[in-house]
$ cat target_23.cif   # mmCIF, N, CA and C atoms
data_upload
loop_
_atom_site.label_atom_id
_atom_site.label_comp_id
_atom_site.auth_asym_id
_atom_site.auth_seq_id
_atom_site.Cartn_x
_atom_site.Cartn_y
_atom_site.Cartn_z
N MET W 1 -35.09 -24.02 -47.55
CA MET W 1 -33.88 -24.30 -46.82
C MET W 1 -34.26 -25.00 -45.52
N THR W 2 -33.62 -26.09 -45.31
CA THR W 2 -33.94 -26.86 -44.10
C THR W 2 -32.82 -26.70 -43.09
N ARG W 3 -33.22 -26.70 -41.87
CA ARG W 3 -32.24 -26.60 -40.79
C ARG W 3 -31.81 -27.98 -40.38
N THR W 4 -30.53 -28.10 -40.20
CA THR W 4 -30.03 -29.38 -39.69
C THR W 4 -29.61 -29.18 -38.25
N ARG W 5 -29.77 -30.22 -37.51
CA ARG W 5 -29.41 -30.15 -36.10
C ARG W 5 -27.92 -30.44 -35.96
N LEU W 6 -27.28 -29.63 -35.11
CA LEU W 6 -25.85 -29.83 -34.89
C LEU W 6 -25.62 -31.05 -34.02
N ASP W 7 -24.58 -31.77 -34.33
CA ASP W 7 -24.22 -32.93 -33.53
C ASP W 7 -23.22 -32.49 -32.46
N LEU W 8 -23.70 -32.39 -31.22
CA LEU W 8 -22.86 -31.95 -30.11
C LEU W 8 -22.49 -33.11 -29.20
N SER W 9 -22.62 -34.32 -29.67
CA SER W 9 -22.39 -35.47 -28.81
C SER W 9 -20.93 -35.55 -28.31
N GLU W 10 -20.01 -35.05 -29.09
CA GLU W 10 -18.61 -35.13 -28.66
C GLU W 10 -18.32 -34.17 -27.49
N PHE W 11 -19.19 -33.17 -27.25
CA PHE W 11 -18.97 -32.23 -26.17
C PHE W 11 -19.71 -32.61 -24.89
N ASN W 12 -20.46 -33.68 -24.90
CA ASN W 12 -21.24 -34.06 -23.73
C ASN W 12 -20.39 -34.66 -22.62
N GLU W 13 -19.26 -35.18 -22.94
CA GLU W 13 -18.43 -35.81 -21.91
C GLU W 13 -17.74 -34.73 -21.09
N THR W 14 -17.76 -34.89 -19.78
CA THR W 14 -17.03 -33.97 -18.93
C THR W 14 -15.61 -34.49 -18.79
N PRO W 15 -14.64 -33.62 -18.83
CA PRO W 15 -13.25 -34.07 -18.76
C PRO W 15 -12.97 -34.66 -17.38
N PRO W 16 -12.08 -35.62 -17.31
CA PRO W 16 -11.74 -36.20 -16.01
C PRO W 16 -11.00 -35.17 -15.17
N ASN W 17 -11.09 -35.35 -13.86
CA ASN W 17 -10.38 -34.44 -12.96
C ASN W 17 -8.88 -34.60 -13.18
N LYS W 18 -8.21 -33.49 -13.19
CA LYS W 18 -6.78 -33.51 -13.41
C LYS W 18 -6.09 -33.77 -12.07
N ASP W 19 -5.04 -34.51 -12.13
CA ASP W 19 -4.28 -34.85 -10.93
C ASP W 19 -3.38 -33.66 -10.58
N PRO W 20 -3.58 -33.02 -9.40
CA PRO W 20 -2.76 -31.86 -9.05
C PRO W 20 -1.28 -32.18 -8.94
N ALA W 21 -0.93 -33.37 -8.51
CA ALA W 21 0.47 -33.74 -8.39
C ALA W 21 1.13 -33.80 -9.77
N LYS W 22 0.42 -34.34 -10.75
CA LYS W 22 0.95 -34.43 -12.11
C LYS W 22 1.12 -33.03 -12.71
N LEU W 23 0.13 -32.15 -12.47
CA LEU W 23 0.23 -30.78 -12.98
C LEU W 23 1.43 -30.06 -12.36
N ARG W 24 1.63 -30.25 -11.05
CA ARG W 24 2.76 -29.60 -10.39
C ARG W 24 4.09 -30.13 -10.93
N GLU W 25 4.14 -31.42 -11.20
CA GLU W 25 5.37 -32.02 -11.72
C GLU W 25 5.70 -31.43 -13.09
N ILE W 26 4.69 -31.29 -13.93
CA ILE W 26 4.91 -30.75 -15.28
C ILE W 26 5.32 -29.28 -15.20
N SER W 27 4.63 -28.49 -14.36
CA SER W 27 4.95 -27.06 -14.28
C SER W 27 6.32 -26.83 -13.66
N ASP W 28 6.71 -27.63 -12.66
CA ASP W 28 8.04 -27.49 -12.08
C ASP W 28 9.11 -27.87 -13.09
N GLY W 29 8.85 -28.89 -13.88
CA GLY W 29 9.82 -29.32 -14.90
C GLY W 29 9.97 -28.29 -16.00
N ALA W 30 8.92 -27.52 -16.26
CA ALA W 30 8.98 -26.52 -17.32
C ALA W 30 9.49 -25.18 -16.81
N GLY W 31 9.81 -25.10 -15.50
CA GLY W 31 10.33 -23.85 -14.97
C GLY W 31 9.25 -22.89 -14.50
N PHE W 32 8.06 -23.38 -14.26
CA PHE W 32 6.97 -22.57 -13.76
C PHE W 32 6.51 -23.08 -12.40
N PRO W 33 7.31 -22.88 -11.36
CA PRO W 33 6.89 -23.38 -10.05
C PRO W 33 5.70 -22.56 -9.52
N SER W 34 4.87 -23.20 -8.79
CA SER W 34 3.71 -22.49 -8.24
C SER W 34 4.14 -21.66 -7.05
N ARG W 35 3.46 -20.56 -6.87
CA ARG W 35 3.78 -19.69 -5.74
C ARG W 35 3.06 -20.19 -4.50
N PRO W 36 3.68 -20.02 -3.35
CA PRO W 36 2.98 -20.43 -2.12
C PRO W 36 1.82 -19.48 -1.85
N ALA W 37 0.82 -19.99 -1.21
CA ALA W 37 -0.36 -19.18 -0.90
C ALA W 37 0.03 -18.12 0.11
N VAL W 38 -0.42 -16.91 -0.15
CA VAL W 38 -0.15 -15.78 0.74
C VAL W 38 -1.37 -15.58 1.61
N PRO W 39 -1.19 -15.55 2.94
CA PRO W 39 -2.37 -15.35 3.79
C PRO W 39 -2.95 -13.96 3.58
N ALA W 40 -4.25 -13.87 3.69
CA ALA W 40 -4.93 -12.59 3.50
C ALA W 40 -4.54 -11.63 4.61
N VAL W 41 -4.33 -10.38 4.22
CA VAL W 41 -3.97 -9.36 5.19
C VAL W 41 -5.25 -8.80 5.79
N VAL W 42 -5.34 -8.86 7.09
CA VAL W 42 -6.51 -8.34 7.78
C VAL W 42 -6.13 -7.03 8.44
N THR W 43 -6.81 -5.97 8.05
CA THR W 43 -6.54 -4.68 8.68
C THR W 43 -7.52 -4.51 9.82
N PRO W 44 -7.02 -4.18 10.99
CA PRO W 44 -7.92 -4.01 12.12
C PRO W 44 -8.79 -2.78 11.95
N ALA W 45 -10.01 -2.88 12.41
CA ALA W 45 -10.93 -1.76 12.33
C ALA W 45 -10.49 -0.70 13.32
N PRO W 46 -10.58 0.57 12.95
CA PRO W 46 -10.20 1.62 13.89
C PRO W 46 -11.11 1.59 15.12
N LEU W 47 -10.51 1.76 16.27
CA LEU W 47 -11.28 1.68 17.50
C LEU W 47 -12.18 2.89 17.70
N ASP W 48 -11.64 4.06 17.44
CA ASP W 48 -12.41 5.27 17.70
C ASP W 48 -12.39 6.14 16.45
N VAL W 49 -13.45 6.14 15.70
CA VAL W 49 -13.53 6.94 14.49
C VAL W 49 -14.07 8.30 14.87
N GLN W 50 -13.26 9.32 14.64
CA GLN W 50 -13.68 10.67 14.98
C GLN W 50 -14.19 11.38 13.74
N GLN W 51 -15.29 12.06 13.90
CA GLN W 51 -15.84 12.84 12.80
C GLN W 51 -15.08 14.16 12.71
N PRO W 52 -14.84 14.66 11.52
CA PRO W 52 -14.14 15.93 11.40
C PRO W 52 -14.98 17.06 12.00
N ALA W 53 -14.30 18.01 12.59
CA ALA W 53 -14.99 19.13 13.23
C ALA W 53 -15.19 20.27 12.23
N THR W 54 -15.65 19.92 11.06
CA THR W 54 -15.90 20.94 10.04
C THR W 54 -17.39 21.11 9.85
N PHE W 55 -17.74 22.16 9.18
CA PHE W 55 -19.15 22.46 8.94
C PHE W 55 -19.70 21.51 7.88
N GLN W 56 -20.82 20.90 8.17
CA GLN W 56 -21.47 20.02 7.20
C GLN W 56 -22.58 20.81 6.52
N ARG W 57 -22.48 20.96 5.22
CA ARG W 57 -23.44 21.76 4.48
C ARG W 57 -24.76 21.02 4.35
N PRO W 58 -25.86 21.68 4.70
CA PRO W 58 -27.17 21.05 4.51
C PRO W 58 -27.52 21.03 3.02
N PRO W 59 -28.52 20.25 2.64
CA PRO W 59 -28.90 20.21 1.23
C PRO W 59 -29.29 21.60 0.73
N ARG W 60 -28.88 21.90 -0.48
CA ARG W 60 -29.10 23.22 -1.05
C ARG W 60 -30.41 23.26 -1.82
N ALA W 61 -31.19 24.27 -1.53
CA ALA W 61 -32.42 24.46 -2.29
C ALA W 61 -32.11 25.23 -3.56
N SER W 62 -32.93 25.04 -4.56
CA SER W 62 -32.69 25.75 -5.82
C SER W 62 -33.25 27.16 -5.71
N GLY W 63 -32.61 28.09 -6.34
CA GLY W 63 -33.04 29.48 -6.31
C GLY W 63 -33.02 30.08 -7.69
N ASN W 64 -33.21 31.38 -7.74
CA ASN W 64 -33.24 32.06 -9.03
C ASN W 64 -32.02 32.95 -9.18
N ARG W 65 -30.85 32.37 -8.97
CA ARG W 65 -29.62 33.14 -9.10
C ARG W 65 -29.27 33.30 -10.57
N ASN W 66 -28.70 34.45 -10.88
CA ASN W 66 -28.30 34.70 -12.26
C ASN W 66 -26.81 34.45 -12.47
N ILE W 67 -26.00 34.71 -11.46
CA ILE W 67 -24.56 34.57 -11.57
C ILE W 67 -24.08 33.66 -10.44
N ALA W 68 -23.27 32.69 -10.76
CA ALA W 68 -22.71 31.82 -9.73
C ALA W 68 -21.47 32.47 -9.15
N ILE W 69 -21.41 32.53 -7.82
CA ILE W 69 -20.25 33.09 -7.14
C ILE W 69 -19.72 32.03 -6.19
N ASN W 70 -18.44 31.75 -6.30
CA ASN W 70 -17.81 30.76 -5.45
C ASN W 70 -17.01 31.50 -4.40
N VAL W 71 -17.43 31.41 -3.14
CA VAL W 71 -16.73 32.10 -2.06
C VAL W 71 -16.35 31.09 -0.99
N ARG W 72 -15.29 31.40 -0.25
CA ARG W 72 -14.87 30.57 0.87
C ARG W 72 -15.06 31.37 2.14
N VAL W 73 -15.71 30.75 3.10
CA VAL W 73 -15.91 31.39 4.40
C VAL W 73 -15.51 30.39 5.47
N ASP W 74 -15.26 30.93 6.67
CA ASP W 74 -14.92 30.02 7.76
C ASP W 74 -16.20 29.33 8.25
N PRO W 75 -16.08 28.25 9.00
CA PRO W 75 -17.27 27.51 9.43
C PRO W 75 -18.24 28.34 10.27
N GLU W 76 -17.71 29.29 11.05
CA GLU W 76 -18.59 30.12 11.87
C GLU W 76 -19.46 31.02 10.99
N THR W 77 -18.88 31.63 9.96
CA THR W 77 -19.65 32.48 9.05
C THR W 77 -20.67 31.65 8.29
N ALA W 78 -20.28 30.48 7.85
CA ALA W 78 -21.22 29.61 7.13
C ALA W 78 -22.38 29.22 8.04
N ALA W 79 -22.09 28.93 9.29
CA ALA W 79 -23.16 28.56 10.22
C ALA W 79 -24.11 29.74 10.43
N ARG W 80 -23.57 30.96 10.50
CA ARG W 80 -24.43 32.14 10.65
C ARG W 80 -25.31 32.35 9.42
N LEU W 81 -24.73 32.18 8.24
CA LEU W 81 -25.52 32.35 7.02
C LEU W 81 -26.65 31.33 6.94
N TYR W 82 -26.35 30.07 7.27
CA TYR W 82 -27.38 29.05 7.23
C TYR W 82 -28.42 29.27 8.33
N ALA W 83 -28.00 29.83 9.48
CA ALA W 83 -28.96 30.14 10.54
C ALA W 83 -29.91 31.23 10.08
N LEU W 84 -29.38 32.23 9.37
CA LEU W 84 -30.26 33.28 8.82
C LEU W 84 -31.22 32.71 7.79
N ARG W 85 -30.73 31.79 6.99
CA ARG W 85 -31.59 31.18 5.98
C ARG W 85 -32.70 30.37 6.63
N ASP W 86 -32.39 29.66 7.70
CA ASP W 86 -33.37 28.77 8.33
C ASP W 86 -34.14 29.42 9.46
N ALA W 87 -33.98 30.74 9.67
CA ALA W 87 -34.63 31.41 10.79
C ALA W 87 -36.15 31.33 10.71
N ASP W 88 -36.70 31.46 9.54
CA ASP W 88 -38.15 31.40 9.37
C ASP W 88 -38.47 30.25 8.42
N PRO W 89 -38.83 29.06 8.96
CA PRO W 89 -39.03 27.90 8.09
C PRO W 89 -40.21 28.05 7.13
N THR W 90 -41.11 28.98 7.39
CA THR W 90 -42.27 29.14 6.49
C THR W 90 -41.88 29.85 5.20
N ARG W 91 -40.74 30.58 5.21
CA ARG W 91 -40.35 31.35 4.02
C ARG W 91 -39.58 30.53 3.00
N LYS W 92 -38.91 29.47 3.43
CA LYS W 92 -38.11 28.62 2.52
C LYS W 92 -37.16 29.46 1.67
N ARG W 93 -36.31 30.21 2.34
CA ARG W 93 -35.35 31.07 1.65
C ARG W 93 -34.17 30.25 1.16
N VAL W 94 -33.57 30.72 0.11
CA VAL W 94 -32.34 30.12 -0.38
C VAL W 94 -31.18 30.97 0.08
N LEU W 95 -30.01 30.36 0.12
CA LEU W 95 -28.83 31.06 0.63
C LEU W 95 -28.50 32.29 -0.22
N ALA W 96 -28.75 32.24 -1.50
CA ALA W 96 -28.48 33.39 -2.37
C ALA W 96 -29.31 34.59 -1.96
N ASP W 97 -30.56 34.36 -1.53
CA ASP W 97 -31.40 35.47 -1.08
C ASP W 97 -30.87 36.07 0.22
N VAL W 98 -30.37 35.24 1.12
CA VAL W 98 -29.79 35.74 2.37
C VAL W 98 -28.58 36.60 2.08
N VAL W 99 -27.73 36.15 1.18
CA VAL W 99 -26.54 36.93 0.82
C VAL W 99 -26.94 38.23 0.14
N ALA W 100 -27.95 38.19 -0.72
CA ALA W 100 -28.41 39.42 -1.39
C ALA W 100 -28.96 40.41 -0.37
N ASP W 101 -29.78 39.95 0.58
CA ASP W 101 -30.34 40.85 1.59
C ASP W 101 -29.23 41.41 2.48
N ALA W 102 -28.28 40.57 2.87
CA ALA W 102 -27.18 41.05 3.71
C ALA W 102 -26.33 42.06 2.96
N THR W 103 -26.14 41.87 1.68
CA THR W 103 -25.36 42.81 0.88
C THR W 103 -26.07 44.15 0.79
N ILE W 104 -27.37 44.14 0.61
CA ILE W 104 -28.14 45.39 0.54
C ILE W 104 -28.05 46.14 1.87
N LEU W 105 -28.22 45.43 2.98
CA LEU W 105 -28.15 46.08 4.29
C LEU W 105 -26.76 46.65 4.56
N LEU W 106 -25.72 45.90 4.21
CA LEU W 106 -24.36 46.38 4.41
C LEU W 106 -24.07 47.57 3.51
N TYR W 107 -24.55 47.55 2.31
CA TYR W 107 -24.35 48.65 1.36
C TYR W 107 -25.02 49.92 1.89
N GLU W 108 -26.24 49.79 2.40
CA GLU W 108 -26.95 50.94 2.93
C GLU W 108 -26.25 51.49 4.18
N ARG W 109 -25.75 50.60 5.04
CA ARG W 109 -25.11 51.05 6.26
C ARG W 109 -23.75 51.68 5.98
N GLU W 110 -22.95 51.07 5.13
CA GLU W 110 -21.61 51.56 4.88
C GLU W 110 -21.59 52.77 3.96
N LEU W 111 -22.37 52.73 2.91
CA LEU W 111 -22.32 53.80 1.91
C LEU W 111 -23.45 54.79 2.04
N GLY W 112 -24.40 54.48 2.88
CA GLY W 112 -25.51 55.41 3.08
C GLY W 112 -26.42 55.54 1.89
N GLY W 113 -26.26 54.70 0.91
CA GLY W 113 -27.09 54.77 -0.28
C GLY W 113 -28.30 53.87 -0.17
N LYS W 114 -29.35 54.26 -0.76
CA LYS W 114 -30.55 53.46 -0.80
C LYS W 114 -30.56 52.66 -2.10
N THR W 115 -31.02 51.44 -1.99
CA THR W 115 -31.14 50.60 -3.18
C THR W 115 -32.60 50.54 -3.58
N GLN W 116 -32.83 50.16 -4.77
CA GLN W 116 -34.20 50.13 -5.28
C GLN W 116 -34.92 48.91 -4.85
#
$ encode --input "target_23.cif" --output "C-alpha coordinates"
Amino acid sequence: MTRTRLDLSEFNETPPNKDPAKLREISDGAGFPSRPAVPAVVTPAPLDVQQPATFQRPPRASGNRNIAINVRVDPETAARLYALRDADPTRKRVLADVVADATILLYERELGGKTQ
(Lines of atoms letter the chains of each structure in order from A and count residues from 1; the text may use other names and numbers.)
(Lines give C-alpha, C1' and ligand atoms only; values in the text may rest on other atoms or scores of the structure.)
Protein backbone atom coordinates (compact mmCIF):
# COMPACT_ATOMS: atom_id res chain seq x y z
CA MET A 1 0.00 0.00 0.00
CA THR A 2 1.44 3.29 -1.02
CA ARG A 3 0.76 6.58 0.60
CA THR A 4 -0.33 9.43 -1.52
CA ARG A 5 0.31 12.98 -0.61
CA LEU A 6 -2.71 15.16 -0.02
CA ASP A 7 -3.13 18.15 -2.27
CA LEU A 8 -3.61 21.12 0.06
CA SER A 9 -2.87 23.80 -2.49
CA GLU A 10 -6.41 25.16 -2.39
CA PHE A 11 -6.00 25.95 1.35
CA ASN A 12 -2.76 27.92 1.01
CA GLU A 13 -4.44 31.17 0.08
CA THR A 14 -5.29 33.44 2.97
CA PRO A 15 -8.73 35.00 2.69
CA PRO A 16 -8.84 38.71 1.95
CA ASN A 17 -9.62 41.06 4.81
CA LYS A 18 -13.30 41.62 5.17
CA ASP A 19 -14.59 45.14 4.94
CA PRO A 20 -16.12 46.07 8.34
CA ALA A 21 -18.51 48.56 6.75
CA LYS A 22 -19.89 45.89 4.40
CA LEU A 23 -20.31 43.42 7.28
CA ARG A 24 -22.16 46.04 9.34
CA GLU A 25 -24.43 46.84 6.40
CA ILE A 26 -25.33 43.17 5.93
CA SER A 27 -25.91 42.54 9.65
CA ASP A 28 -28.03 45.69 10.05
CA GLY A 29 -30.10 44.70 7.02
CA ALA A 30 -30.67 41.23 8.45
CA GLY A 31 -31.83 42.62 11.80
CA PHE A 32 -28.65 41.89 13.73
CA PRO A 33 -27.30 45.31 14.71
CA SER A 34 -24.02 45.31 16.56
CA ARG A 35 -23.99 46.31 20.18
CA PRO A 36 -22.02 49.35 21.23
CA ALA A 37 -18.84 48.67 23.13
CA VAL A 38 -19.32 48.75 26.88
CA PRO A 39 -16.46 50.33 28.82
CA ALA A 40 -14.79 48.04 31.31
CA VAL A 41 -15.92 48.50 34.88
CA VAL A 42 -13.03 49.34 37.15
CA THR A 43 -13.56 48.61 40.81
CA PRO A 44 -11.42 50.73 43.07
CA ALA A 45 -9.08 48.90 45.39
CA PRO A 46 -10.06 49.12 49.04
CA LEU A 47 -8.02 51.73 50.82
CA ASP A 48 -7.72 50.04 54.18
CA VAL A 49 -7.99 46.26 54.26
CA GLN A 50 -8.56 45.11 57.81
CA GLN A 51 -7.68 41.62 58.89
CA PRO A 52 -10.37 39.82 60.87
CA ALA A 53 -9.77 39.75 64.60
CA THR A 54 -10.26 36.01 64.81
CA PHE A 55 -7.91 33.29 65.89
CA GLN A 56 -5.71 31.97 63.10
CA ARG A 57 -5.08 28.27 63.54
CA PRO A 58 -1.44 27.22 63.19
CA PRO A 59 -0.61 24.18 61.07
CA ARG A 60 -1.77 20.99 62.71
CA ALA A 61 0.68 18.24 63.48
CA SER A 62 -0.40 14.65 63.03
CA GLY A 63 -1.06 12.61 66.14
CA ASN A 64 -2.25 9.21 67.20
CA ARG A 65 -5.89 10.03 67.86
CA ASN A 66 -8.39 7.23 67.71
CA ILE A 67 -11.64 9.22 67.63
CA ALA A 68 -12.19 12.54 65.90
CA ILE A 69 -14.01 15.10 68.04
CA ASN A 70 -15.25 18.35 66.57
CA VAL A 71 -15.56 21.05 69.23
CA ARG A 72 -16.08 24.80 69.08
CA VAL A 73 -14.27 27.05 71.50
CA ASP A 74 -13.90 30.78 71.75
CA PRO A 75 -10.65 32.34 70.45
CA GLU A 76 -9.31 32.86 73.98
CA THR A 77 -9.68 29.16 74.86
CA ALA A 78 -8.13 28.14 71.55
CA ALA A 79 -5.19 30.45 72.18
CA ARG A 80 -4.69 28.90 75.63
CA LEU A 81 -4.79 25.37 74.24
CA TYR A 82 -2.25 26.21 71.54
CA ALA A 83 -0.06 27.97 74.13
CA LEU A 84 -0.08 24.78 76.22
CA ARG A 85 0.80 22.77 73.15
CA ASP A 86 3.69 25.07 72.22
CA ALA A 87 4.99 25.62 75.78
CA ASP A 88 7.85 23.14 75.37
CA PRO A 89 9.08 23.16 71.75
CA THR A 90 11.34 20.15 72.35
CA ARG A 91 8.33 17.87 73.04
CA LYS A 92 6.43 18.53 69.78
CA ARG A 93 3.06 17.81 71.35
CA VAL A 94 -0.12 17.58 69.36
CA LEU A 95 -3.30 19.32 70.41
CA ALA A 96 -5.03 15.99 71.07
CA ASP A 97 -2.41 15.18 73.72
CA VAL A 98 -2.95 18.55 75.42
CA VAL A 99 -6.70 17.95 75.53
CA ALA A 100 -6.17 14.41 76.87
CA ASP A 101 -3.83 15.64 79.63
CA ALA A 102 -6.18 18.48 80.55
CA THR A 103 -9.10 16.06 80.69
CA ILE A 104 -7.20 13.72 83.02
CA LEU A 105 -6.25 16.58 85.35
CA LEU A 106 -9.80 17.94 85.40
CA TYR A 107 -11.22 14.47 86.01
CA GLU A 108 -8.87 13.92 88.95
CA ARG A 109 -9.62 17.34 90.44
CA GLU A 110 -13.40 17.24 90.01
CA LEU A 111 -14.11 13.58 90.69
CA GLY A 112 -11.16 12.76 92.87
CA GLY A 113 -10.54 9.62 90.89
CA LYS A 114 -7.18 8.46 89.73
CA THR A 115 -6.69 7.40 86.15
CA GLN A 116 -4.35 4.71 84.99
$ resolve_selection --input "target_23.cif" --expression "the PyMOL selection byres (((chain W and resi 99 and name CA) around 12) and name CA)" --output "ChimeraX atom specification"
/W:65,69,71,77-78,80-82,84-85,93-98,100-107
$ atom_distance --input "target_23.cif" --atom1 "atom CA of W:Glu110" --atom2 "atom CA of W:Glu76"
22.8 Å
$ atom_distance --input "target_23.cif" --atom1 "atom CA of W:Thr54" --atom2 "atom CA of W:Ala79"
10.5 Å
$ atom_distance --input "target_23.cif" --atom1 "atom CA of W:Asp74" --atom2 "atom CA of W:Leu111"
25.6 Å
